[in-house]
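**Student:** Structure file query39.txt, compact mmCIF, N, CA and C atoms, is pasted below:
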```txt
# COMPACT_ATOMS: atom_id res chain seq x y z
N MET J 4 -9.27 -13.29 11.46
CA MET J 4 -8.34 -13.62 10.40
C MET J 4 -7.43 -12.42 10.12
N ALA J 5 -6.16 -12.64 10.09
CA ALA J 5 -5.20 -11.58 9.80
C ALA J 5 -5.26 -11.21 8.32
N MET J 6 -5.05 -9.93 8.05
CA MET J 6 -4.97 -9.50 6.66
C MET J 6 -3.56 -9.76 6.16
N LYS J 7 -3.45 -10.10 4.87
CA LYS J 7 -2.14 -10.44 4.32
C LYS J 7 -2.01 -9.89 2.90
N LEU J 8 -0.88 -9.24 2.65
CA LEU J 8 -0.52 -8.80 1.31
C LEU J 8 0.66 -9.63 0.82
N SER J 9 0.52 -10.22 -0.35
CA SER J 9 1.60 -11.01 -0.94
C SER J 9 2.00 -10.35 -2.25
N PHE J 10 3.20 -9.79 -2.29
CA PHE J 10 3.69 -9.13 -3.50
C PHE J 10 4.44 -10.13 -4.36
N SER J 11 4.13 -10.12 -5.66
CA SER J 11 4.87 -10.98 -6.58
C SER J 11 5.86 -10.18 -7.41
N SER J 12 5.63 -8.85 -7.52
CA SER J 12 6.53 -8.04 -8.33
C SER J 12 6.38 -6.56 -7.94
N ILE J 13 7.51 -5.86 -7.85
CA ILE J 13 7.51 -4.42 -7.59
C ILE J 13 8.60 -3.81 -8.47
N GLN J 14 8.23 -2.75 -9.18
CA GLN J 14 9.20 -2.06 -10.05
C GLN J 14 9.01 -0.56 -9.90
N ASN J 15 10.10 0.15 -9.63
CA ASN J 15 10.08 1.62 -9.60
C ASN J 15 11.30 2.09 -10.37
N GLU J 16 11.10 2.26 -11.68
CA GLU J 16 12.18 2.63 -12.58
C GLU J 16 13.36 1.70 -12.35
N ASN J 17 14.56 2.23 -12.08
CA ASN J 17 15.71 1.36 -11.82
C ASN J 17 16.15 1.46 -10.36
N ILE J 18 15.24 1.88 -9.48
CA ILE J 18 15.60 2.10 -8.08
C ILE J 18 15.76 0.79 -7.33
N PHE J 19 14.82 -0.15 -7.52
CA PHE J 19 14.88 -1.42 -6.79
C PHE J 19 15.77 -2.42 -7.51
N GLN J 20 16.30 -3.35 -6.75
CA GLN J 20 17.15 -4.40 -7.32
C GLN J 20 16.33 -5.26 -8.29
N PRO J 21 16.98 -5.91 -9.27
CA PRO J 21 16.26 -6.77 -10.23
C PRO J 21 15.46 -7.89 -9.55
N GLU J 22 15.88 -8.32 -8.37
CA GLU J 22 15.18 -9.39 -7.67
C GLU J 22 13.74 -9.00 -7.30
N PHE J 23 13.43 -7.71 -7.25
CA PHE J 23 12.08 -7.26 -6.91
C PHE J 23 11.08 -7.56 -8.03
N LYS J 24 11.58 -7.86 -9.24
CA LYS J 24 10.68 -8.16 -10.35
C LYS J 24 10.03 -9.53 -10.21
N ASP J 25 10.65 -10.43 -9.43
CA ASP J 25 10.08 -11.76 -9.18
C ASP J 25 10.26 -12.10 -7.71
N LEU J 26 9.37 -11.58 -6.87
CA LEU J 26 9.50 -11.76 -5.43
C LEU J 26 9.06 -13.15 -4.96
N ASN J 27 8.37 -13.90 -5.79
CA ASN J 27 7.95 -15.24 -5.40
C ASN J 27 9.15 -16.16 -5.18
N ALA J 28 10.25 -15.85 -5.81
CA ALA J 28 11.42 -16.73 -5.76
C ALA J 28 12.10 -16.73 -4.40
N ASN J 29 12.02 -15.63 -3.63
CA ASN J 29 12.81 -15.58 -2.39
C ASN J 29 11.99 -15.79 -1.11
N GLY J 30 10.67 -15.83 -1.19
CA GLY J 30 9.85 -16.11 -0.02
C GLY J 30 9.68 -14.97 0.96
N ASN J 31 10.24 -13.80 0.67
CA ASN J 31 10.12 -12.64 1.56
C ASN J 31 9.16 -11.61 0.99
N ASN J 32 8.05 -12.07 0.46
CA ASN J 32 7.15 -11.17 -0.25
C ASN J 32 5.83 -10.93 0.47
N VAL J 33 5.69 -11.35 1.72
CA VAL J 33 4.41 -11.27 2.41
C VAL J 33 4.47 -10.26 3.56
N ILE J 34 3.45 -9.41 3.63
CA ILE J 34 3.26 -8.51 4.77
C ILE J 34 1.97 -8.95 5.43
N GLU J 35 2.06 -9.37 6.68
CA GLU J 35 0.88 -9.84 7.40
C GLU J 35 0.53 -8.86 8.51
N PHE J 36 -0.74 -8.47 8.55
CA PHE J 36 -1.24 -7.54 9.55
C PHE J 36 -2.01 -8.37 10.59
N ARG J 37 -1.33 -8.71 11.68
CA ARG J 37 -1.92 -9.60 12.67
C ARG J 37 -2.95 -8.94 13.55
N LYS J 38 -2.70 -7.70 13.96
CA LYS J 38 -3.66 -6.97 14.79
C LYS J 38 -4.39 -5.99 13.89
N GLN J 39 -5.70 -6.00 13.98
CA GLN J 39 -6.47 -5.11 13.14
C GLN J 39 -7.75 -4.71 13.85
N PRO J 40 -8.30 -3.56 13.50
CA PRO J 40 -9.57 -3.16 14.09
C PRO J 40 -10.70 -4.04 13.58
N GLN J 41 -11.83 -4.00 14.25
CA GLN J 41 -12.99 -4.79 13.83
C GLN J 41 -13.56 -4.30 12.51
N ALA J 42 -13.41 -3.00 12.24
CA ALA J 42 -13.93 -2.45 10.99
C ALA J 42 -13.04 -2.84 9.83
N ALA J 43 -13.61 -2.83 8.64
CA ALA J 43 -12.83 -3.14 7.44
C ALA J 43 -11.78 -2.06 7.22
N GLY J 44 -10.68 -2.43 6.62
CA GLY J 44 -9.62 -1.49 6.33
C GLY J 44 -8.65 -1.37 7.48
N GLY J 45 -7.79 -0.43 7.43
CA GLY J 45 -6.81 -0.23 8.47
C GLY J 45 -5.75 0.74 8.00
N ILE J 46 -4.85 1.04 8.90
CA ILE J 46 -3.76 1.96 8.60
C ILE J 46 -2.45 1.21 8.77
N ALA J 47 -1.58 1.35 7.81
CA ALA J 47 -0.23 0.81 7.92
C ALA J 47 0.73 1.98 7.81
N VAL J 48 1.75 1.98 8.62
CA VAL J 48 2.75 3.04 8.61
C VAL J 48 4.05 2.46 8.08
N VAL J 49 4.61 3.12 7.08
CA VAL J 49 5.92 2.71 6.56
C VAL J 49 6.94 3.54 7.32
N TYR J 50 7.74 2.86 8.14
CA TYR J 50 8.67 3.53 9.04
C TYR J 50 10.03 2.86 8.94
N ALA J 51 11.04 3.61 8.63
CA ALA J 51 12.40 3.07 8.53
C ALA J 51 13.38 4.25 8.47
N PRO J 52 14.67 3.98 8.66
CA PRO J 52 15.66 5.06 8.59
C PRO J 52 15.69 5.72 7.21
N ASN J 53 16.25 6.91 7.17
CA ASN J 53 16.40 7.63 5.91
C ASN J 53 17.20 6.80 4.92
N GLY J 54 16.78 6.89 3.66
CA GLY J 54 17.53 6.24 2.58
C GLY J 54 17.25 4.76 2.40
N THR J 55 16.21 4.22 3.03
CA THR J 55 15.95 2.78 2.93
C THR J 55 14.88 2.44 1.89
N GLY J 56 14.28 3.43 1.24
CA GLY J 56 13.33 3.16 0.16
C GLY J 56 11.87 3.37 0.49
N LYS J 57 11.57 4.04 1.60
CA LYS J 57 10.17 4.28 1.98
C LYS J 57 9.43 5.06 0.89
N SER J 58 9.98 6.16 0.47
CA SER J 58 9.32 7.00 -0.54
C SER J 58 9.22 6.27 -1.87
N SER J 59 10.24 5.53 -2.24
CA SER J 59 10.21 4.77 -3.49
C SER J 59 9.12 3.70 -3.46
N PHE J 60 9.00 3.02 -2.32
CA PHE J 60 7.99 1.97 -2.17
C PHE J 60 6.58 2.56 -2.18
N THR J 61 6.36 3.62 -1.41
CA THR J 61 5.02 4.21 -1.35
C THR J 61 4.65 4.89 -2.66
N LYS J 62 5.63 5.34 -3.43
CA LYS J 62 5.34 5.90 -4.75
C LYS J 62 4.74 4.82 -5.65
N VAL J 63 5.29 3.63 -5.57
CA VAL J 63 4.76 2.52 -6.37
C VAL J 63 3.34 2.18 -5.93
N LEU J 64 3.13 2.06 -4.61
CA LEU J 64 1.80 1.71 -4.10
C LEU J 64 0.77 2.78 -4.41
N GLY J 65 1.19 4.03 -4.47
CA GLY J 65 0.28 5.13 -4.76
C GLY J 65 0.02 5.36 -6.24
N SER J 66 0.75 4.67 -7.10
CA SER J 66 0.54 4.86 -8.53
C SER J 66 -0.83 4.33 -8.94
N GLU J 67 -1.42 4.96 -9.94
CA GLU J 67 -2.77 4.60 -10.36
C GLU J 67 -2.81 3.95 -11.73
N VAL J 68 -1.70 3.99 -12.44
CA VAL J 68 -1.62 3.38 -13.76
C VAL J 68 -0.31 2.61 -13.85
N GLU J 69 -0.40 1.38 -14.31
CA GLU J 69 0.81 0.58 -14.48
C GLU J 69 1.53 1.02 -15.74
N THR J 70 2.83 1.24 -15.60
CA THR J 70 3.67 1.54 -16.76
C THR J 70 4.81 0.53 -16.79
N GLU J 71 5.63 0.61 -17.81
CA GLU J 71 6.79 -0.28 -17.87
C GLU J 71 7.78 0.02 -16.76
N GLU J 72 7.79 1.27 -16.31
CA GLU J 72 8.75 1.72 -15.31
C GLU J 72 8.27 1.58 -13.86
N ILE J 73 6.97 1.73 -13.63
CA ILE J 73 6.43 1.71 -12.27
C ILE J 73 5.21 0.79 -12.22
N PHE J 74 5.30 -0.27 -11.42
CA PHE J 74 4.17 -1.18 -11.27
C PHE J 74 4.38 -2.08 -10.06
N PHE J 75 3.31 -2.73 -9.65
CA PHE J 75 3.39 -3.79 -8.65
C PHE J 75 2.29 -4.79 -8.93
N LYS J 76 2.50 -6.00 -8.49
CA LYS J 76 1.49 -7.06 -8.55
C LYS J 76 1.45 -7.68 -7.17
N ALA J 77 0.24 -7.80 -6.64
CA ALA J 77 0.08 -8.36 -5.29
C ALA J 77 -1.26 -9.07 -5.19
N LYS J 78 -1.42 -9.82 -4.10
CA LYS J 78 -2.69 -10.46 -3.77
C LYS J 78 -3.05 -10.09 -2.34
N PHE J 79 -4.32 -9.83 -2.12
CA PHE J 79 -4.84 -9.57 -0.78
C PHE J 79 -5.49 -10.85 -0.29
N ASN J 80 -5.02 -11.34 0.85
CA ASN J 80 -5.54 -12.58 1.44
C ASN J 80 -5.58 -13.75 0.45
N ASP J 81 -4.59 -13.81 -0.42
CA ASP J 81 -4.41 -14.90 -1.39
C ASP J 81 -5.54 -15.06 -2.39
N ARG J 82 -6.42 -14.05 -2.52
CA ARG J 82 -7.52 -14.23 -3.46
C ARG J 82 -7.86 -13.01 -4.31
N ILE J 83 -7.52 -11.81 -3.87
CA ILE J 83 -7.87 -10.60 -4.62
C ILE J 83 -6.60 -10.02 -5.23
N ASP J 84 -6.58 -9.93 -6.56
CA ASP J 84 -5.43 -9.36 -7.26
C ASP J 84 -5.40 -7.85 -7.09
N LEU J 85 -4.22 -7.33 -6.80
CA LEU J 85 -4.02 -5.89 -6.65
C LEU J 85 -2.97 -5.43 -7.65
N SER J 86 -3.18 -4.25 -8.20
CA SER J 86 -2.24 -3.61 -9.11
C SER J 86 -2.54 -2.12 -9.05
N PRO J 87 -1.76 -1.28 -9.72
CA PRO J 87 -2.05 0.15 -9.68
C PRO J 87 -3.48 0.49 -10.10
N GLU J 88 -4.03 -0.26 -11.05
CA GLU J 88 -5.37 0.02 -11.56
C GLU J 88 -6.47 -0.23 -10.53
N THR J 89 -6.21 -1.00 -9.48
CA THR J 89 -7.25 -1.27 -8.47
C THR J 89 -7.36 -0.15 -7.46
N HIS J 90 -6.41 0.79 -7.46
CA HIS J 90 -6.42 1.94 -6.54
C HIS J 90 -6.62 1.46 -5.09
N SER J 91 -5.88 0.47 -4.68
CA SER J 91 -6.06 -0.17 -3.38
C SER J 91 -5.39 0.56 -2.23
N PHE J 92 -4.44 1.42 -2.50
CA PHE J 92 -3.70 2.07 -1.44
C PHE J 92 -3.92 3.58 -1.49
N HIS J 93 -4.07 4.16 -0.32
CA HIS J 93 -4.21 5.61 -0.18
C HIS J 93 -3.00 6.08 0.62
N ILE J 94 -2.13 6.82 -0.01
CA ILE J 94 -0.88 7.26 0.61
C ILE J 94 -1.07 8.66 1.17
N ILE J 95 -0.75 8.83 2.44
CA ILE J 95 -0.81 10.14 3.08
C ILE J 95 0.63 10.59 3.30
N GLY J 96 1.01 11.69 2.68
CA GLY J 96 2.36 12.21 2.84
C GLY J 96 2.31 13.64 3.34
N ASP J 97 3.46 14.17 3.72
CA ASP J 97 3.48 15.56 4.15
C ASP J 97 3.57 16.48 2.94
N GLN J 98 3.79 17.76 3.18
CA GLN J 98 3.75 18.73 2.11
C GLN J 98 4.84 18.53 1.05
N ILE J 99 5.87 17.78 1.33
CA ILE J 99 6.90 17.54 0.31
C ILE J 99 6.87 16.09 -0.16
N SER J 100 5.76 15.39 0.10
CA SER J 100 5.54 14.02 -0.38
C SER J 100 6.65 13.05 0.01
N ARG J 101 7.17 13.18 1.20
CA ARG J 101 8.20 12.26 1.67
C ARG J 101 7.63 11.24 2.67
N ASN J 102 6.32 11.26 2.88
CA ASN J 102 5.64 10.33 3.77
C ASN J 102 6.18 10.39 5.19
N VAL J 103 6.59 11.58 5.59
CA VAL J 103 7.00 11.85 6.96
C VAL J 103 6.03 12.88 7.51
N ILE J 104 5.38 12.57 8.61
CA ILE J 104 4.38 13.47 9.17
C ILE J 104 4.92 14.05 10.47
N ARG J 105 5.02 15.37 10.54
CA ARG J 105 5.50 16.02 11.75
C ARG J 105 4.36 16.16 12.74
N GLY J 106 4.67 16.15 14.03
CA GLY J 106 3.66 16.32 15.07
C GLY J 106 3.32 15.00 15.72
N GLU J 107 2.26 15.01 16.49
CA GLU J 107 1.81 13.82 17.19
C GLU J 107 0.97 12.95 16.26
N THR J 108 1.13 11.66 16.34
CA THR J 108 0.36 10.74 15.51
C THR J 108 -1.13 10.96 15.67
N SER J 109 -1.57 11.21 16.89
CA SER J 109 -3.01 11.38 17.14
C SER J 109 -3.58 12.59 16.40
N ASP J 110 -2.74 13.57 16.07
CA ASP J 110 -3.22 14.73 15.31
C ASP J 110 -3.73 14.32 13.94
N TYR J 111 -3.21 13.23 13.41
CA TYR J 111 -3.54 12.80 12.05
C TYR J 111 -4.48 11.62 12.00
N LEU J 112 -4.48 10.78 13.01
CA LEU J 112 -5.28 9.56 12.98
C LEU J 112 -6.66 9.74 13.59
N ILE J 113 -6.88 10.78 14.35
CA ILE J 113 -8.18 11.01 14.97
C ILE J 113 -8.83 12.19 14.29
N GLY J 114 -9.97 11.96 13.69
CA GLY J 114 -10.68 13.04 13.02
C GLY J 114 -11.94 12.53 12.38
N ALA J 115 -12.82 13.43 12.06
CA ALA J 115 -14.12 13.06 11.49
C ALA J 115 -13.99 12.42 10.11
N ASP J 116 -12.97 12.80 9.35
CA ASP J 116 -12.86 12.30 7.98
C ASP J 116 -12.25 10.90 7.87
N ILE J 117 -11.62 10.39 8.93
CA ILE J 117 -11.03 9.05 8.86
C ILE J 117 -12.11 8.02 8.56
N LYS J 118 -13.21 8.06 9.30
CA LYS J 118 -14.31 7.11 9.08
C LYS J 118 -14.84 7.24 7.66
N ARG J 119 -14.99 8.46 7.18
CA ARG J 119 -15.50 8.71 5.83
C ARG J 119 -14.53 8.16 4.78
N GLU J 120 -13.23 8.36 4.98
CA GLU J 120 -12.25 7.85 4.02
C GLU J 120 -12.27 6.33 3.97
N TYR J 121 -12.37 5.68 5.13
CA TYR J 121 -12.46 4.21 5.14
C TYR J 121 -13.69 3.73 4.38
N LYS J 122 -14.83 4.42 4.57
CA LYS J 122 -16.05 4.02 3.90
C LYS J 122 -15.90 4.16 2.39
N LEU J 123 -15.33 5.27 1.93
CA LEU J 123 -15.10 5.48 0.50
C LEU J 123 -14.16 4.42 -0.06
N LYS J 124 -13.09 4.11 0.68
CA LYS J 124 -12.12 3.11 0.24
C LYS J 124 -12.78 1.73 0.15
N LYS J 125 -13.58 1.39 1.16
CA LYS J 125 -14.26 0.09 1.17
C LYS J 125 -15.23 -0.01 0.00
N ASN J 126 -15.98 1.05 -0.26
CA ASN J 126 -16.92 1.04 -1.38
C ASN J 126 -16.20 0.86 -2.71
N ARG J 127 -15.06 1.52 -2.87
CA ARG J 127 -14.28 1.40 -4.11
C ARG J 127 -13.75 -0.01 -4.28
N LEU J 128 -13.25 -0.62 -3.20
CA LEU J 128 -12.74 -1.99 -3.27
C LEU J 128 -13.88 -2.96 -3.54
N ASN J 129 -15.04 -2.76 -2.91
CA ASN J 129 -16.18 -3.65 -3.13
C ASN J 129 -16.65 -3.59 -4.58
N ARG J 130 -16.63 -2.40 -5.18
CA ARG J 130 -17.00 -2.29 -6.60
C ARG J 130 -16.01 -3.07 -7.45
N TYR J 131 -14.74 -3.05 -7.08
CA TYR J 131 -13.73 -3.75 -7.86
C TYR J 131 -13.90 -5.26 -7.78
N ILE J 132 -14.15 -5.79 -6.57
CA ILE J 132 -14.24 -7.26 -6.42
C ILE J 132 -15.65 -7.77 -6.65
N GLY J 133 -16.61 -6.87 -6.83
CA GLY J 133 -17.96 -7.27 -7.20
C GLY J 133 -18.85 -7.63 -6.05
N ASP J 134 -18.53 -7.23 -4.81
CA ASP J 134 -19.43 -7.51 -3.68
C ASP J 134 -20.55 -6.52 -3.64
```
Once you've parsed the file, please lay out its structure as structure tokens.

**Tutor:**
Amino acid sequence: MAMKLSFSSIQNENIFQPEFKDLNANGNNVIEFRKQPQAAGGIAVVYAPNGTGKSSFTKVLGSEVETEEIFFKAKFNDRIDLSPETHSFHIIGDQISRNVIRGETSDYLIGADIKREYKLKKNRLNRYIGD
């Protein structure tokens, strides 16, 4: 089964267009992860040209408290509600927090702590959904 994120609302101060406050209306609110590892969790890379909103988007996903200015509402696989308070996303950025990593991808994705981070993330999500 593919993993799916359905966003209903995203707000980052006044950066995003007003249409982002109600994403259900336009039908372009779903991110589907068709290929995934057998283990729970996964890595998604936000990749786009400069100035397209990568840092603004990941700032919202990395927020831990919903405010009037910064928030999102989403569902995971159409059943689990996600918001800043669920701490569902772990954002890895470079030293200037622009989410651009210099070097080879394998330098960052292969390491002893990746498995540990996935386990911690899974345990935190399981506590939230009550499994």

**Student:** List the spatial neighbours of J:Glu71 as a list in words - criterion: any atom at most 10 Å away, only C-alpha atoms, same-chain residues fewer than 5 positions off excluded.

**Tutor:** Gln14, Asn15 and Glu16 of chain J

**Student:** Contacts of J:Phe92 at 9 Å or less, counting only C-alpha atoms, minus same-chain residues fewer than 6 places along, as a list in words?

**Tutor:**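 With the cut-off at 9 Å, the set is Thr61, Leu64, Gly65, Ser66 and Lys124 of chain J.
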
**Student:** I'd like the contact shell of J:Lys7 - 8 Å cut-off, all atoms listed in the file, skipping same-chain residues fewer than 6 positions apart - returned as a CSV table (one decimal) with N, CA and C atoms, in the frame of the given file.

**Tutor:**
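Saved as around.csv:
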```
chain,number,residue,atom,x,y,z
J,33,VAL,N,5.7,-11.4,1.7
J,33,VAL,CA,4.4,-11.3,2.4
J,33,VAL,C,4.5,-10.3,3.6
J,34,ILE,N,3.4,-9.4,3.6
J,34,ILE,CA,3.3,-8.5,4.8
J,34,ILE,C,2.0,-9.0,5.4
J,35,GLU,N,2.1,-9.4,6.7
J,35,GLU,CA,0.9,-9.8,7.4
J,35,GLU,C,0.5,-8.9,8.5
J,36,PHE,N,-0.7,-8.5,8.6
J,36,PHE,CA,-1.2,-7.5,9.6
J,36,PHE,C,-2.0,-8.4,10.6
J,37,ARG,N,-1.3,-8.7,11.7
J,37,ARG,CA,-1.9,-9.6,12.7
J,37,ARG,C,-3.0,-8.9,13.6
J,78,LYS,N,-1.4,-9.8,-4.1
J,78,LYS,CA,-2.7,-10.5,-3.8
J,78,LYS,C,-3.0,-10.1,-2.3
J,79,PHE,N,-4.3,-9.8,-2.1
J,79,PHE,CA,-4.8,-9.6,-0.8
J,79,PHE,C,-5.5,-10.8,-0.3
J,80,ASN,N,-5.0,-11.3,0.8
J,80,ASN,CA,-5.5,-12.6,1.4
J,80,ASN,C,-5.6,-13.8,0.4
J,81,ASP,N,-4.6,-13.8,-0.4
J,81,ASP,CA,-4.4,-14.9,-1.4
J,81,ASP,C,-5.5,-15.1,-2.4
```

**Student:** Interatomic distance between atom C of J:Tyr50 and atom C of J:Lys24?

**Tutor:** 22.8 Å

**Student:** Calculate how many Å separate atom N of J:Asn31 from atom CA of J:Glu67, rounding to one decimal.

**Tutor:** 25.1 Å

**Student:** Quick one: distance from atom N of J:Lys122 to atom N of J:Ala51 in Å, one decimal?

**Tutor:**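 It comes out at 26.2 Å.
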
**Student:** So, with all atoms listed in the file as the atoms that count, which of J:Lys57, J:Asn27, J:Val68, J:Val49 lies closest to J:Thr89?

**Tutor:**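 Comparing J:Lys57, J:Asn27, J:Val68, J:Val49 against J:Thr89, the winner is J:Val68.
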
**Student:** I need the residue nearest J:Asp84 from this list: J:Val63, J:Leu123, J:Leu8, J:Leu26. Use only C-alpha atoms for the distance.

**Tutor:** J:Leu8
